[in-house]
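Just target18.cif here, mmCIF, C-alpha atoms:
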data_upload
loop_
_atom_site.group_PDB
_atom_site.id
_atom_site.type_symbol
_atom_site.label_atom_id
_atom_site.label_comp_id
_atom_site.auth_asym_id
_atom_site.auth_seq_id
_atom_site.Cartn_x
_atom_site.Cartn_y
_atom_site.Cartn_z
ATOM 1 C CA MET I 282 -106.250 -102.316 40.144
ATOM 2 C CA LYS I 283 -109.977 -102.325 40.664
ATOM 3 C CA SER I 284 -112.140 -101.172 37.766
ATOM 4 C CA ILE I 285 -114.739 -98.446 38.230
ATOM 5 C CA SER I 286 -117.505 -101.064 38.302
ATOM 6 C CA ASP I 287 -115.656 -103.020 41.017
ATOM 7 C CA LYS I 288 -115.249 -99.859 43.100
ATOM 8 C CA LEU I 289 -118.938 -99.018 42.707
ATOM 9 C CA TYR I 290 -119.897 -102.533 43.755
ATOM 10 C CA SER I 291 -117.612 -102.337 46.804
ATOM 11 C CA LEU I 292 -119.298 -99.065 47.813
ATOM 12 C CA PHE I 293 -122.722 -100.653 47.246
ATOM 13 C CA VAL I 294 -121.806 -103.596 49.491
ATOM 14 C CA LEU I 295 -120.473 -101.316 52.228
ATOM 15 C CA PHE I 296 -123.615 -99.144 52.094
ATOM 16 C CA ILE I 297 -125.943 -102.154 52.188
ATOM 17 C CA ASP I 298 -123.989 -103.833 54.997
ATOM 18 C CA ILE I 299 -123.902 -100.802 57.275
ATOM 19 C CA SER I 300 -127.392 -99.455 56.567
ATOM 20 C CA PHE I 301 -129.160 -102.831 56.763
ATOM 21 C CA SER I 302 -127.331 -103.736 59.968
ATOM 22 C CA ILE I 303 -128.172 -100.502 61.775
ATOM 23 C CA VAL I 304 -131.805 -100.546 60.636
ATOM 24 C CA GLY I 305 -132.023 -104.288 61.321
ATOM 25 C CA ILE I 306 -130.793 -103.919 64.894
ATOM 26 C CA ILE I 307 -133.232 -101.078 65.594
ATOM 27 C CA LEU I 308 -136.265 -102.792 64.038
ATOM 28 C CA THR I 309 -135.661 -106.235 65.526
ATOM 29 C CA LEU I 310 -134.730 -105.113 69.032
ATOM 30 C CA PRO I 311 -138.313 -105.587 70.371
ATOM 31 C CA ILE I 312 -138.391 -109.104 68.854
ATOM 32 C CA LEU I 313 -135.030 -109.939 70.408
ATOM 33 C CA LEU I 314 -136.222 -108.742 73.815
ATOM 34 C CA VAL I 315 -139.310 -110.982 73.636
ATOM 35 C CA VAL I 316 -137.205 -113.956 72.522
ATOM 36 C CA ALA I 317 -134.733 -113.299 75.352
ATOM 37 C CA ILE I 318 -137.551 -113.415 77.903
ATOM 38 C CA LEU I 319 -138.938 -116.657 76.408
ATOM 39 C CA ILE I 320 -135.502 -118.293 76.512
ATOM 40 C CA LYS I 321 -135.067 -117.344 80.160
ATOM 41 C CA LEU I 322 -138.543 -118.645 80.985
ATOM 42 C CA GLU I 323 -137.858 -121.967 79.265
ATOM 43 C CA ASP I 324 -134.546 -122.934 80.863
ATOM 44 C CA ARG I 325 -132.998 -119.799 82.436
ATOM 45 C CA GLY I 326 -129.845 -120.304 80.386
ATOM 46 C CA PRO I 327 -127.751 -117.761 78.451
ATOM 47 C CA ILE I 328 -129.425 -115.955 75.563
ATOM 48 C CA ILE I 329 -126.419 -115.497 73.285
ATOM 49 C CA TYR I 330 -123.762 -118.040 72.416
ATOM 50 C CA THR I 331 -120.582 -117.505 70.490
ATOM 51 C CA GLN I 332 -118.643 -119.763 68.182
ATOM 52 C CA LYS I 333 -115.469 -119.550 66.107
ATOM 53 C CA ARG I 334 -115.998 -119.442 62.332
ATOM 54 C CA SER I 335 -113.749 -119.218 59.281
ATOM 55 C CA GLY I 336 -113.893 -115.768 57.688
ATOM 56 C CA LYS I 337 -112.405 -114.049 54.670
ATOM 57 C CA ASP I 338 -108.983 -115.416 53.703
ATOM 58 C CA GLY I 339 -109.321 -118.033 56.450
ATOM 59 C CA LYS I 340 -109.180 -115.520 59.296
ATOM 60 C CA GLU I 341 -111.169 -116.818 62.262
ATOM 61 C CA PHE I 342 -113.758 -114.649 64.003
ATOM 62 C CA THR I 343 -116.381 -115.018 66.709
ATOM 63 C CA ILE I 344 -119.937 -115.299 65.456
ATOM 64 C CA TYR I 345 -122.969 -114.329 67.580
ATOM 65 C CA LYS I 346 -126.230 -116.255 67.621
ATOM 66 C CA ILE I 347 -129.272 -116.534 69.857
ATOM 67 C CA ARG I 348 -129.045 -119.840 71.713
ATOM 68 C CA SER I 349 -131.538 -122.323 70.309
ATOM 69 C CA MET I 350 -130.259 -125.515 71.923
ATOM 70 C CA LYS I 351 -130.543 -127.013 75.380
ATOM 71 C CA LEU I 352 -127.999 -126.131 78.050
ATOM 72 C CA GLU I 353 -126.414 -129.587 78.028
ATOM 73 C CA SER I 354 -125.609 -129.205 74.316
ATOM 74 C CA PRO I 355 -121.928 -128.405 73.662
ATOM 75 C CA ASN I 356 -121.241 -124.759 72.919
ATOM 76 C CA GLU I 357 -118.846 -125.588 70.101
ATOM 77 C CA LEU I 358 -120.948 -127.730 67.793
ATOM 78 C CA ILE I 359 -118.807 -129.561 65.289
ATOM 79 C CA GLY I 360 -121.276 -130.744 62.674
ATOM 80 C CA TRP I 361 -124.505 -129.762 61.001
ATOM 81 C CA THR I 362 -127.779 -129.847 62.891
ATOM 82 C CA ASP I 363 -130.218 -132.644 62.055
ATOM 83 C CA LYS I 364 -133.689 -131.709 60.827
ATOM 84 C CA ASN I 365 -135.431 -132.989 63.995
ATOM 85 C CA ASP I 366 -132.526 -132.508 66.387
ATOM 86 C CA ASN I 367 -133.675 -133.213 69.963
ATOM 87 C CA ARG I 368 -131.129 -130.728 71.324
ATOM 88 C CA ILE I 369 -133.228 -127.817 70.004
ATOM 89 C CA THR I 370 -135.444 -126.100 72.571
ATOM 90 C CA ASN I 371 -139.115 -125.241 71.997
ATOM 91 C CA VAL I 372 -138.204 -121.577 71.557
ATOM 92 C CA GLY I 373 -135.284 -122.651 69.404
ATOM 93 C CA LYS I 374 -137.561 -124.427 66.926
ATOM 94 C CA VAL I 375 -139.408 -121.190 66.241
ATOM 95 C CA ILE I 376 -136.428 -118.869 66.033
ATOM 96 C CA ARG I 377 -134.483 -121.255 63.777
ATOM 97 C CA ARG I 378 -137.419 -121.634 61.382
ATOM 98 C CA THR I 379 -137.795 -117.854 61.134
ATOM 99 C CA ARG I 380 -133.983 -117.265 61.214
ATOM 100 C CA ILE I 381 -134.365 -115.003 64.268
ATOM 101 C CA ASP I 382 -131.423 -116.830 65.860
ATOM 102 C CA GLU I 383 -129.145 -115.254 63.231
ATOM 103 C CA LEU I 384 -130.078 -111.623 63.968
ATOM 104 C CA PRO I 385 -127.153 -110.908 66.358
ATOM 105 C CA GLN I 386 -124.904 -111.331 63.331
ATOM 106 C CA PHE I 387 -125.778 -107.770 62.361
ATOM 107 C CA ILE I 388 -123.085 -107.001 64.955
ATOM 108 C CA ASN I 389 -120.650 -109.207 63.026
ATOM 109 C CA ILE I 390 -121.484 -107.251 59.880
ATOM 110 C CA LEU I 391 -120.846 -103.904 61.587
ATOM 111 C CA LYS I 392 -117.519 -105.287 62.821
ATOM 112 C CA ARG I 393 -116.741 -106.229 59.178
ATOM 113 C CA ASP I 394 -116.270 -109.890 60.097
ATOM 114 C CA MET I 395 -119.181 -110.615 57.787
ATOM 115 C CA SER I 396 -121.208 -109.081 54.994
ATOM 116 C CA LEU I 397 -124.966 -109.109 54.511
ATOM 117 C CA ILE I 398 -124.564 -111.437 51.508
ATOM 118 C CA GLY I 399 -121.963 -114.131 51.004
ATOM 119 C CA PRO I 400 -121.215 -117.799 51.706
ATOM 120 C CA ARG I 401 -122.299 -118.872 55.175
ATOM 121 C CA PRO I 402 -119.261 -119.236 57.469
ATOM 122 C CA GLU I 403 -118.344 -122.714 58.678
ATOM 123 C CA VAL I 404 -116.553 -123.681 61.871
ATOM 124 C CA PRO I 405 -112.803 -124.080 61.178
ATOM 125 C CA GLU I 406 -112.903 -127.838 61.787
ATOM 126 C CA LEU I 407 -115.612 -128.335 59.162
ATOM 127 C CA THR I 408 -113.852 -126.012 56.734
ATOM 128 C CA LYS I 409 -110.757 -128.185 56.995
ATOM 129 C CA LYS I 410 -112.752 -131.428 56.734
ATOM 130 C CA PHE I 411 -114.751 -130.314 53.691
ATOM 131 C CA ASN I 412 -111.628 -129.014 51.979
ATOM 132 C CA GLU I 413 -110.104 -132.489 52.275
ATOM 133 C CA GLU I 414 -113.216 -134.008 50.700
ATOM 134 C CA ILE I 415 -114.022 -131.270 48.152
ATOM 135 C CA ASN I 416 -111.092 -129.887 46.181
ATOM 136 C CA GLY I 417 -111.036 -126.084 46.414
ATOM 137 C CA PHE I 418 -113.635 -125.776 49.198
ATOM 138 C CA THR I 419 -111.596 -123.014 50.848
ATOM 139 C CA ASN I 420 -112.070 -120.868 47.712
ATOM 140 C CA ARG I 421 -115.311 -119.852 49.448
ATOM 141 C CA LEU I 422 -113.122 -117.793 51.764
ATOM 142 C CA LYS I 423 -112.117 -115.355 49.003
ATOM 143 C CA VAL I 424 -114.992 -113.082 50.060
ATOM 144 C CA ARG I 425 -116.526 -112.136 53.411
ATOM 145 C CA PRO I 426 -119.029 -114.702 54.688
ATOM 146 C CA GLY I 427 -122.634 -113.563 54.707
ATOM 147 C CA LEU I 428 -125.746 -113.499 56.832
ATOM 148 C CA THR I 429 -127.568 -114.780 53.761
ATOM 149 C CA GLY I 430 -126.360 -116.048 50.417
ATOM 150 C CA TRP I 431 -127.094 -117.800 47.137
ATOM 151 C CA ALA I 432 -126.847 -121.246 48.766
ATOM 152 C CA GLN I 433 -129.142 -120.215 51.645
ATOM 153 C CA VAL I 434 -131.942 -119.077 49.321
ATOM 154 C CA ASN I 435 -131.561 -122.133 47.076
ATOM 155 C CA GLY I 436 -131.771 -125.035 49.486
ATOM 156 C CA GLY I 437 -130.069 -123.868 52.667
ATOM 157 C CA TYR I 438 -129.458 -126.659 55.165
ATOM 158 C CA ASP I 439 -130.977 -129.208 52.781
ATOM 159 C CA LEU I 440 -127.922 -128.930 50.516
ATOM 160 C CA THR I 441 -124.963 -131.292 50.758
ATOM 161 C CA PRO I 442 -121.554 -129.666 51.409
ATOM 162 C CA ARG I 443 -120.652 -130.172 47.722
ATOM 163 C CA GLU I 444 -123.905 -128.584 46.511
ATOM 164 C CA LYS I 445 -123.401 -125.720 48.927
ATOM 165 C CA TYR I 446 -119.857 -125.222 47.661
ATOM 166 C CA GLN I 447 -121.042 -125.160 44.032
ATOM 167 C CA LYS I 448 -123.682 -122.526 44.759
ATOM 168 C CA ASP I 449 -121.248 -120.436 46.809
ATOM 169 C CA MET I 450 -118.726 -120.494 43.973
ATOM 170 C CA TYR I 451 -121.455 -119.513 41.502
ATOM 171 C CA TYR I 452 -122.143 -116.476 43.689
ATOM 172 C CA ILE I 453 -118.469 -115.545 44.015
ATOM 173 C CA LYS I 454 -117.953 -115.719 40.249
ATOM 174 C CA ASN I 455 -121.137 -113.781 39.441
ATOM 175 C CA ARG I 456 -121.541 -111.450 42.408
ATOM 176 C CA GLY I 457 -122.829 -108.005 41.615
ATOM 177 C CA ILE I 458 -125.590 -105.554 42.473
ATOM 178 C CA LYS I 459 -128.256 -107.404 40.458
ATOM 179 C CA LEU I 460 -127.538 -110.815 42.013
ATOM 180 C CA ASP I 461 -127.358 -109.318 45.514
ATOM 181 C CA ILE I 462 -130.782 -107.717 45.091
ATOM 182 C CA ILE I 463 -132.220 -111.031 43.870
ATOM 183 C CA ILE I 464 -130.772 -112.769 46.952
ATOM 184 C CA LEU I 465 -132.276 -110.156 49.284
ATOM 185 C CA PHE I 466 -135.759 -110.660 47.803
ATOM 186 C CA LYS I 467 -135.399 -114.446 47.902
ATOM 187 C CA THR I 468 -134.211 -114.210 51.521
ATOM 188 C CA VAL I 469 -137.474 -112.513 52.521
ATOM 189 C CA LYS I 470 -139.382 -115.321 50.787
ATOM 190 C CA VAL I 471 -137.339 -117.999 52.585
ATOM 191 C CA ILE I 472 -137.897 -116.332 55.984
ATOM 192 C CA ILE I 473 -141.667 -116.154 55.404
ATOM 193 C CA SER I 474 -141.898 -119.756 54.176
ATOM 194 C CA GLY I 475 -139.390 -121.259 56.615
ATOM 195 C CA ASN I 476 -137.946 -123.432 53.818
ATOM 196 C CA GLY I 477 -134.549 -125.021 54.415
ATOM 197 C CA ALA I 478 -134.499 -124.301 58.161
ATOM 198 C CA ARG I 479 -133.196 -126.659 60.826
#

I'd like the structure from this file rewritten - as structure tokens, please.
Amino acid sequence: MKSISDKLYSLFVLFIDISFSIVGIILTLPILLVVAILIKLEDRGPIIYTQKRSGKDGKEFTIYKIRSMKLESPNELIGWTDKNDNRITNVGKVIRRTRIDELPQFINILKRDMSLIGPRPEVPELTKKFNEEINGFTNRLKVRPGLTGWAQVNGGYDLTPREKYQKDMYYIKNRGIKLDIIILFKTVKVIISGNGAR
């Protein structure tokens, strides 16, 4: 059975997830509209793309992102993006650096596929590959994946899969209201600085 502190934390997470998502969608809607226009002006392609990701307990879900790559790029990217990837559009460079491309995931949070804070979800193929290389990698799937997380605010894309796994497991073992608040403040700092973006 859950302890009182666990129940309070679960309520805190639910409140933060729902409230931040609703407010986030409302506040960023004008930004998303401008970005949508810029994407259409650049190459007239689709604004949103979807991709399968591994969620809590290994359950797959569809993640939403603003398209930041050229039309000829495959929709289902199997692999991490290089720092100076030539598939990224001009608009894409800006929205990836500022993390604007991740904003549609507020919908994923409202659907309860994701949480505001947690390990970033990987594509199923990479989850399987990393689990073969890093013993226990799928332990990251014990909690809902997040829009931001301890690994994202402490290196982000610059981390190796093993380093990312270690930081994700640190979060899972120590997650609580205090650590979540620290991550939220550090997330704002990362967004402003653009550190760790690709």

Nearest residue to I:Thr408 out of I:Ile463, I:Lys351, I:Tyr446, I:Lys392, using only C-alpha atoms?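 The shortest atom-to-atom distance to I:Thr408 comes from I:Tyr446.
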
Pick from I:Leu308, I:Met350, I:Ile381, I:Leu292 nearest to I:Ile369, counting all atoms listed in the file: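 Closest to I:Ile369, using all atoms listed in the file: I:Met350.
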
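Of the listed residues (I:Pro442, I:Pro405, I:Pro385, I:Gly339), I:Pro385 comes nearest to I:Leu428; the distances count all atoms listed in the file.
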
Care to translate the PyMOL selection byres ((chain I and resi 370) around 12) into actual residues of this file, as a CSV table (one decimal) with C-alpha atoms, keeping the file's coordinate frame?
chain,number,residue,atom,x,y,z
I,319,LEU,CA,-138.9,-116.7,76.4
I,320,ILE,CA,-135.5,-118.3,76.5
I,321,LYS,CA,-135.1,-117.3,80.2
I,322,LEU,CA,-138.5,-118.6,81.0
I,323,GLU,CA,-137.9,-122.0,79.3
I,324,ASP,CA,-134.5,-122.9,80.9
I,325,ARG,CA,-133.0,-119.8,82.4
I,326,GLY,CA,-129.8,-120.3,80.4
I,347,ILE,CA,-129.3,-116.5,69.9
I,348,ARG,CA,-129.0,-119.8,71.7
I,349,SER,CA,-131.5,-122.3,70.3
I,350,MET,CA,-130.3,-125.5,71.9
I,351,LYS,CA,-130.5,-127.0,75.4
I,352,LEU,CA,-128.0,-126.1,78.0
I,353,GLU,CA,-126.4,-129.6,78.0
I,354,SER,CA,-125.6,-129.2,74.3
I,365,ASN,CA,-135.4,-133.0,64.0
I,366,ASP,CA,-132.5,-132.5,66.4
I,367,ASN,CA,-133.7,-133.2,70.0
I,368,ARG,CA,-131.1,-130.7,71.3
I,369,ILE,CA,-133.2,-127.8,70.0
I,371,ASN,CA,-139.1,-125.2,72.0
I,372,VAL,CA,-138.2,-121.6,71.6
I,373,GLY,CA,-135.3,-122.7,69.4
I,374,LYS,CA,-137.6,-124.4,66.9
I,375,VAL,CA,-139.4,-121.2,66.2
I,376,ILE,CA,-136.4,-118.9,66.0
I,377,ARG,CA,-134.5,-121.3,63.8
I,479,ARG,CA,-133.2,-126.7,60.8

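Nearest to I:Glu383 of all the residues I:Tyr345, I:Glu444, I:Ile473, I:Met395 is I:Tyr345, based on all atoms listed in the file.
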
As an exercise, work out the distance from atom CA of I:Val404 to atom CA of I:Val294 in Å and give it to one decimal place.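 For atom CA of I:Val404 relative to atom CA of I:Val294, the distance reads 24.2 Å.
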
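Here the PyMOL selection byres ((chain I and resi 332) around 10) captures the residues Tyr330, Thr331, Lys333, Arg334, Glu341, Phe342, Thr343, Ile344, Tyr345, Lys346, Asn356, Glu357, Leu358, Glu403 and Val404 of chain I.
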
Could you please determine the separation between atom CA of I:Ala432 and atom CA of I:Ile390 in Å, to one decimal place? 18.7 Å

Using Å and a single decimal, report how far atom CA of I:Glu406 sits from atom CA of I:Thr379.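 Rounded to one decimal, the two atoms are 26.8 Å apart.
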
Is it possible to get the residues within 9 Å of (-123.4, -105.6, 41.8) (coordinates as in the file, counting only C-alpha atoms) written as a VMD selection string? chain I and resid 286 to 287 289 to 291 293 to 294 455 to 462

Using all atoms listed in the file, find the one residue out of I:Ala317, I:Lys445, I:Arg380, I:Ile328 that sits nearest to I:Lys470.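 Closest to I:Lys470 of all the choices is I:Arg380.
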
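Using all atoms listed in the file, the shortest contact distance between I:Arg401 and any of I:Gly336, I:Asn416, I:Phe301, I:Tyr451 is found at I:Gly336.
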
Pull out every residue that the PyMOL selection byres ((chain I and resi 397) around 9) matches in the shown coordinates and put them as a list in words. Val294, Ile297, Asp298, Ile299, Phe301, Ser302, Phe387, Ile390, Met395, Ser396, Ile398, Gly399, Pro426, Gly427, Leu428, Thr429 and Gly430 of chain I

If we count all atoms listed in the file and set the cut-off at 9 Å, which residues sit around I:Lys337, ignoring sequence neighbours fewer than 3 positions away in its own chain? Please answer as a PyMOL selection string. chain I and resi 340-341+394-395+421-426

How about saving the chosen residues, C-alpha atoms kept, as a PDB file, in the frame of the given file?
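As written to disk, part14.pdb reads:
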ATOM      1  CA  LYS I 340    -109.180-115.520  59.296  1.00  0.00           C
ATOM      2  CA  GLU I 341    -111.169-116.818  62.262  1.00  0.00           C
ATOM      3  CA  ASP I 394    -116.270-109.890  60.097  1.00  0.00           C
ATOM      4  CA  MET I 395    -119.181-110.615  57.787  1.00  0.00           C
ATOM      5  CA  ARG I 421    -115.311-119.852  49.448  1.00  0.00           C
ATOM      6  CA  LEU I 422    -113.122-117.793  51.764  1.00  0.00           C
ATOM      7  CA  LYS I 423    -112.117-115.355  49.003  1.00  0.00           C
ATOM      8  CA  VAL I 424    -114.992-113.082  50.060  1.00  0.00           C
ATOM      9  CA  ARG I 425    -116.526-112.136  53.411  1.00  0.00           C
ATOM     10  CA  PRO I 426    -119.029-114.702  54.688  1.00  0.00           C
TER      11      PRO I 426
END

Where is the centre and how long are the edges: axis-aligned box on stretch 309-327 of chain I, 4 Å on each side, Å to one decimal, as AutoDock Vina command-line options:
--center_x -133.5 --center_y -114.0 --center_z 74.0 --size_x 19.6 --size_y 25.8 --size_z 24.9
